[in-house]
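Scroll down for the structure; my scribbles are underneath it.
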Amino acid sequence: MRARTAYLADFLLGSVFYALILYVFVQLWSVIGRTRGFVVEGFGPRELVWYLMASEAIMLGRARFEQETDEEVKTGAIAYSLNKPYHYVMFKLASYWGETALKMALNIVIGSAVALAAVGPIPVSIPHLAAVLLCTALALTLNFFIGMVLGLSAFWVEDTAPFFWIYSKVLFVLGGLFAPMEIYPDALARVARATPFNYVLYAPARLFVQFDMDFFLSTVTMQAVWVAVLALLVTALYGMGVRRLNVNGG
Amino acid sequence: MATIDVCGLSKVFEVREKAPGLAGSLRSIVSPSVREVEAVREISFSVDEGEMLAFIGPNGAGKSTTIKMLTGILHPTGGQASVLGVTPWEDRQRLAGEIGCVFGQRSQLWYHLPPRDTFELLAHVYEIPKPVYRDRLQMLASRFGLDEFMCTPVRKLSLGQRMRCEIAASLLHGPRVLFLDEPTIGLDVVAKRTIRELIRQMNREEGITVFLTSHDVGDMEELCRRVMIINHGELILDTSVSALRRDYLRFKIVRVRLADAIDGFEMDGVAVVKHKRTNLKLSVDTDLTSIDEVLAGLMRRTRIVDITIADPPTEQVIADIYGRGRSEALEGR
């Protein structure tokens, strides 16, 4: 947390970008709502703005840890990460949560302010928000393990930047960043729901805008399953990767 | 039981080779060419508690690979090793609490934060109780002279200051063995002397076993009683520093630039390696004559404008050792 806020202006500037994106989409959905008056599966312009506020808050609130492993393997700095009495992956998780918690808190404040000013409030309750918080925490943990699977490939390929670029684009589409699955064509929505990506952005954002208990229970169950599967995969990849590690730089 | 025990340790790396140009890049995708590099070849040695050992060799000799296997970072291809009774690569996390590491070319300090923040994090990582941490930090800060920049971001520190922080960070949890991989690389003469004195003090006062790799012969000469030389992955010499100095390092290379040209220079124990007008390169056998006497002899002839005194390159020492025959050179302590 301290390292990320060492340059406070830099840290806060990221949230300015978030506010800008929200403003642009607020204008977009407001115009569409006024001229076409559409509502799809209960998602009108107001719901879409709040949906975007939530999905973008998560998308931009995630700590960008992915290429640290890549960088550490390339420079040989991984030597210092591996010779400490902690598990490397767990340390990365703790570090990820330190930065993510800060960024999410800031994004929620800024996003809520922009959305409130643009379209007004949506109905929420304390139990509803607690459920969304749990779902979001699982979503961010799921994002960590997906990122870690990609990051650990650095033990084999050293440069993982292309994988992370692809992942971020996949999140745009299959994660439901800009619009909920309800607006997607059926076939695409089915594909997206079969992947873990929709549980990173769509599920918590949808829950926030349209809470229902059945959806909450099925979502957190699937998030927990995906986290467990990916955690096992990360454990296996880490064990294999560490054995074949070639520390660069002498 | 020895603190460090190594038996037949080997490490082979696979290096992908690519022919130059675009055609070479495409060919390497379809049919990659892999070359095996034997970085360490069946080395065996042991180190006792409290010993200060120098593990020297030229670039690419296998020094850093060996130290990384002993700290559990790399898995060996063959052989065995134990550090404080633990196989490093099998029980790395348990061993990490008992050893400290400094890799001279890398940093464990958080770049944008002051050293104090890194020390605090390490206190949590190593689960050092708060009162113990406070006392330990105070002692290390005073010993290493860190107080003046404890609150300055690491990115603003000089290399010498940073290295003092690195070594202090590696000692914070009171390790029993300290692995130093080229700790004085890039430092000036004064900073090197400071670092060496600090390491000597910690060894004397806390009985820490020090395993030092370097290709700076000065690190070896000033810190250690025992030296091992590795080249091309093989241990070619394991002897005391005094024996090494006596047998191999008694020669010094003296380069002088004189105010006026002289016709040659003759003195017992001095060989003229190169002589061009006012520039002289001499090899001085310090067993037969001292540097003082050589300089006095030169100054009787003319003024000295510039002078450099150096040890022969480690590569030359090792080449000399090879020249005398491996079987003759390999000896116990």
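Ligands are numbered from 1 in the order shown, residues from 1 within each chain, and chains are lettered A, B, ... in the order they appear in the structure tokens.
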Gly175 (chain A) environment, 6 Å, only C-alpha atoms, sequence neighbours closer than 4 positions dropped, as a list in words: Leu171, Phe197, Asn198, Leu201 and Tyr202 of chain A
For those residues, write N, CA and C atoms to a file as a compact mmCIF listing (two decimals), in the first residue's frame.
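Final file, again_7.txt:
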# COMPACT_ATOMS: atom_id res chain seq x y z
N LEU A 171 -11.67 -9.79 -21.26
CA LEU A 171 -12.52 -9.26 -20.19
C LEU A 171 -13.52 -8.24 -20.73
N PHE A 197 -14.54 -15.53 -16.87
CA PHE A 197 -14.38 -14.08 -17.03
C PHE A 197 -15.62 -13.29 -16.64
N ASN A 198 -16.80 -13.87 -16.89
CA ASN A 198 -18.00 -13.10 -16.56
C ASN A 198 -18.17 -12.97 -15.04
N LEU A 201 -16.31 -9.43 -13.81
CA LEU A 201 -16.91 -8.10 -13.97
C LEU A 201 -18.44 -8.15 -13.98
N TYR A 202 -19.00 -8.93 -14.87
CA TYR A 202 -20.47 -8.94 -15.06
C TYR A 202 -21.20 -9.30 -13.78
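For Asp268 (chain B), the non-local neighbours within 10 Å, defined as residues at least 2 positions apart in the same chain or in other chains and counting only C-alpha atoms, are Glu266, Val270, Ala271, Val284, Asp285, Leu288, Thr289 and Val294 of chain B.
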Take the residues that were just selected and, keeping C-alpha atoms, output them as a PDB file, in the first residue's frame.
ATOM      1  CA  GLU B 266      66.192  -2.933 -13.927  1.00  0.00           C
ATOM      2  CA  VAL B 270      60.855  -6.477 -11.395  1.00  0.00           C
ATOM      3  CA  ALA B 271      60.062  -7.493 -14.960  1.00  0.00           C
ATOM      4  CA  VAL B 284      56.674  -6.730  -9.439  1.00  0.00           C
ATOM      5  CA  ASP B 285      57.373  -9.844  -7.351  1.00  0.00           C
ATOM      6  CA  LEU B 288      61.620 -10.042  -3.637  1.00  0.00           C
ATOM      7  CA  THR B 289      60.994  -6.314  -3.611  1.00  0.00           C
ATOM      8  CA  VAL B 294      60.217   0.184  -7.107  1.00  0.00           C
TER       9      VAL B 294
END
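Across the structure, CA of Val227 (chain A) and CA of Phe145 (chain A) are spaced 6.9 Å apart.
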Proximity of chain A to chain B: per-residue shortest pair, 6 Å limit, only C-alpha atoms, as a tab-separated table:
residue	atom	partner	partner_atom	distance
A:Asn83	CA	B:Ala96	CA	5.7
A:Lys84	CA	B:Ala96	CA	5.3
A:Pro85	CA	B:Gln93	CA	4.2
A:Arg243	CA	B:His75	CA	5.7
A:Gly250	CA	B:Ser64	CA	5.5
Backbone-only DSSP, alpha helix (DSSP H) members of region 60-213 of chain A, as an MDAnalysis selection string: chainID A and resid 60:61 66:75 78:82 88:119 126:152 154:157 161:174 186:194 202:209 213
Minimum-distance residue to Leu223 (chain B), chosen among B:Val256, B:Lys276, B:Gly269, B:Leu180 (using only C-alpha atoms):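 Comparing B:Val256, B:Lys276, B:Gly269, B:Leu180 against Leu223 (chain B), the winner is B:Leu180.
The two atoms in question, CA of Val220 (chain A) and CA of Tyr199 (chain A), are spaced 8.7 Å apart.
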Contacts of Phe163 (chain A) at 12 Å (only C-alpha atoms; same-chain gap of 6+ positions) as a list in words: Glu66, Gln67, Asp70, Ile146, Gly147, Met148, Val149, Leu150, Gly151, Leu152, Ser153, Ala154, Val157, Lys169 and Val170 of chain A
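Distance-wise, CA of Val83 (chain B) and CA of Glu206 (chain B) end up 18.0 Å apart.
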Residue neighbourhood region 228-235 of chain A, 12 Å, only C-alpha atoms, exclusion window fewer than 3 positions, as a PyMOL selection string: chain A and resi 87-90+93+138+141-153+196+221-225+238-242
For Phe178 (chain A), the nearest of the candidates A:Thr69, A:Asp159, A:Ala117, A:Arg206, counting only C-alpha atoms: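 Checking each candidate against Phe178 (chain A), we get A:Arg206 as the closest.
All residues of protein, DNA or RNA that reach within 10 Å of Leu187 (chain B), judged by only C-alpha atoms and not counting those fewer than 2 positions away in the chain, are Ser158, Leu159, Gly160, Gln161, Met163, Pro183, Thr184, Ile185, Val189, Val190, Ala191, Lys192, Arg193 and Ile195 of chain B.
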Take the residues just selected and output them with N, CA and C atoms as a compact mmCIF listing (two decimals), in the first residue's frame.
# COMPACT_ATOMS: atom_id res chain seq x y z
N SER B 158 22.89 6.70 -2.76
CA SER B 158 24.03 6.30 -3.58
C SER B 158 24.16 4.78 -3.53
N LEU B 159 24.97 4.24 -4.43
CA LEU B 159 25.15 2.78 -4.48
C LEU B 159 25.73 2.25 -3.17
N GLY B 160 26.69 2.98 -2.61
CA GLY B 160 27.31 2.54 -1.36
C GLY B 160 26.30 2.54 -0.21
N GLN B 161 25.47 3.58 -0.15
CA GLN B 161 24.43 3.64 0.89
C GLN B 161 23.43 2.50 0.72
N MET B 163 23.91 -0.38 -0.70
CA MET B 163 24.51 -1.69 -0.38
C MET B 163 24.58 -1.88 1.13
N PRO B 183 28.93 -8.54 -3.40
CA PRO B 183 28.36 -7.42 -2.65
C PRO B 183 29.03 -6.09 -2.92
N THR B 184 30.27 -6.10 -3.46
CA THR B 184 30.96 -4.82 -3.65
C THR B 184 31.00 -4.41 -5.11
N ILE B 185 30.21 -5.04 -5.94
CA ILE B 185 30.25 -4.73 -7.37
C ILE B 185 29.81 -3.29 -7.61
N VAL B 189 36.44 2.53 -3.97
CA VAL B 189 37.40 1.91 -3.04
C VAL B 189 36.98 2.13 -1.58
N VAL B 190 36.56 3.34 -1.27
CA VAL B 190 36.19 3.67 0.13
C VAL B 190 34.97 2.87 0.55
N ALA B 191 33.97 2.84 -0.32
CA ALA B 191 32.73 2.09 -0.01
C ALA B 191 33.04 0.60 0.16
N LYS B 192 33.91 0.07 -0.67
CA LYS B 192 34.28 -1.34 -0.56
C LYS B 192 34.91 -1.61 0.79
N ARG B 193 35.80 -0.73 1.20
CA ARG B 193 36.50 -0.92 2.47
C ARG B 193 35.49 -0.91 3.63
N ILE B 195 32.24 -1.66 3.52
CA ILE B 195 31.42 -2.87 3.48
C ILE B 195 32.20 -4.05 4.04
Sel. of strand (DSSP E) residues, region 16-70 of chain B, as a PyMOL selection string: chain B and resi 16-17+33-47+52-56
Any chance you could export the current selection's N, CA and C atoms as an mmCIF file, in the first residue's frame?
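Produced file part01.cif, reproduced below:
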data_model
loop_
_atom_site.group_PDB
_atom_site.id
_atom_site.type_symbol
_atom_site.label_atom_id
_atom_site.label_comp_id
_atom_site.auth_asym_id
_atom_site.auth_seq_id
_atom_site.Cartn_x
_atom_site.Cartn_y
_atom_site.Cartn_z
ATOM 1 N N ARG B 16 18.485 -21.786 -25.477
ATOM 2 C CA ARG B 16 17.973 -21.819 -26.853
ATOM 3 C C ARG B 16 18.840 -20.927 -27.713
ATOM 4 N N GLU B 17 19.253 -21.478 -28.850
ATOM 5 C CA GLU B 17 20.054 -20.666 -29.757
ATOM 6 C C GLU B 17 19.270 -20.345 -31.012
ATOM 7 N N SER B 33 16.802 -24.796 -31.659
ATOM 8 C CA SER B 33 18.114 -25.394 -31.415
ATOM 9 C C SER B 33 18.485 -25.136 -29.958
ATOM 10 N N VAL B 34 18.736 -26.199 -29.224
ATOM 11 C CA VAL B 34 19.005 -26.078 -27.788
ATOM 12 C C VAL B 34 20.409 -26.573 -27.490
ATOM 13 N N ARG B 35 21.137 -25.771 -26.738
ATOM 14 C CA ARG B 35 22.499 -26.146 -26.347
ATOM 15 C C ARG B 35 22.537 -26.320 -24.840
ATOM 16 N N GLU B 36 23.218 -27.361 -24.395
ATOM 17 C CA GLU B 36 23.329 -27.569 -22.937
ATOM 18 C C GLU B 36 24.581 -26.886 -22.425
ATOM 19 N N VAL B 37 24.411 -26.140 -21.341
ATOM 20 C CA VAL B 37 25.547 -25.457 -20.718
ATOM 21 C C VAL B 37 25.729 -26.022 -19.322
ATOM 22 N N GLU B 38 26.913 -26.575 -19.084
ATOM 23 C CA GLU B 38 27.187 -27.142 -17.757
ATOM 24 C C GLU B 38 27.737 -26.022 -16.871
ATOM 25 N N ALA B 39 26.867 -25.365 -16.145
ATOM 26 C CA ALA B 39 27.288 -24.213 -15.353
ATOM 27 C C ALA B 39 28.087 -24.635 -14.127
ATOM 28 N N VAL B 40 27.717 -25.759 -13.532
ATOM 29 C CA VAL B 40 28.432 -26.278 -12.358
ATOM 30 C C VAL B 40 28.621 -27.778 -12.555
ATOM 31 N N ARG B 41 29.862 -28.242 -12.363
ATOM 32 C CA ARG B 41 30.172 -29.655 -12.631
ATOM 33 C C ARG B 41 30.672 -30.359 -11.388
ATOM 34 N N GLU B 42 29.793 -31.072 -10.761
ATOM 35 C CA GLU B 42 30.142 -31.981 -9.655
ATOM 36 C C GLU B 42 31.132 -31.376 -8.662
ATOM 37 N N ILE B 43 30.744 -30.270 -8.078
ATOM 38 C CA ILE B 43 31.636 -29.671 -7.074
ATOM 39 C C ILE B 43 31.299 -30.222 -5.696
ATOM 40 N N SER B 44 32.328 -30.335 -4.870
ATOM 41 C CA SER B 44 32.167 -30.853 -3.499
ATOM 42 C C SER B 44 33.038 -30.044 -2.559
ATOM 43 N N PHE B 45 32.461 -29.641 -1.454
ATOM 44 C CA PHE B 45 33.225 -28.939 -0.426
ATOM 45 C C PHE B 45 32.369 -28.866 0.822
ATOM 46 N N SER B 46 32.986 -28.463 1.940
ATOM 47 C CA SER B 46 32.190 -28.210 3.144
ATOM 48 C C SER B 46 32.715 -26.946 3.816
ATOM 49 N N VAL B 47 31.826 -26.298 4.571
ATOM 50 C CA VAL B 47 32.160 -25.048 5.254
ATOM 51 C C VAL B 47 31.722 -25.173 6.701
ATOM 52 N N MET B 52 34.714 -17.758 7.105
ATOM 53 C CA MET B 52 34.470 -16.784 6.038
ATOM 54 C C MET B 52 35.186 -17.296 4.798
ATOM 55 N N LEU B 53 34.407 -17.666 3.827
ATOM 56 C CA LEU B 53 34.930 -18.330 2.639
ATOM 57 C C LEU B 53 34.701 -17.464 1.415
ATOM 58 N N ALA B 54 35.745 -17.324 0.601
ATOM 59 C CA ALA B 54 35.603 -16.604 -0.667
ATOM 60 C C ALA B 54 35.499 -17.619 -1.786
ATOM 61 N N PHE B 55 34.529 -17.402 -2.643
ATOM 62 C CA PHE B 55 34.275 -18.332 -3.747
ATOM 63 C C PHE B 55 34.457 -17.505 -5.011
ATOM 64 N N ILE B 56 35.661 -17.544 -5.575
ATOM 65 C CA ILE B 56 35.938 -16.597 -6.646
ATOM 66 C C ILE B 56 36.140 -17.300 -7.985
#
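Of the residues under consideration (B:Cys165, B:Asp247, B:Ser10, B:Leu22), B:Cys165 shows the shortest atom-to-atom contact distance to Ala141 (chain B) when counting only C-alpha atoms.
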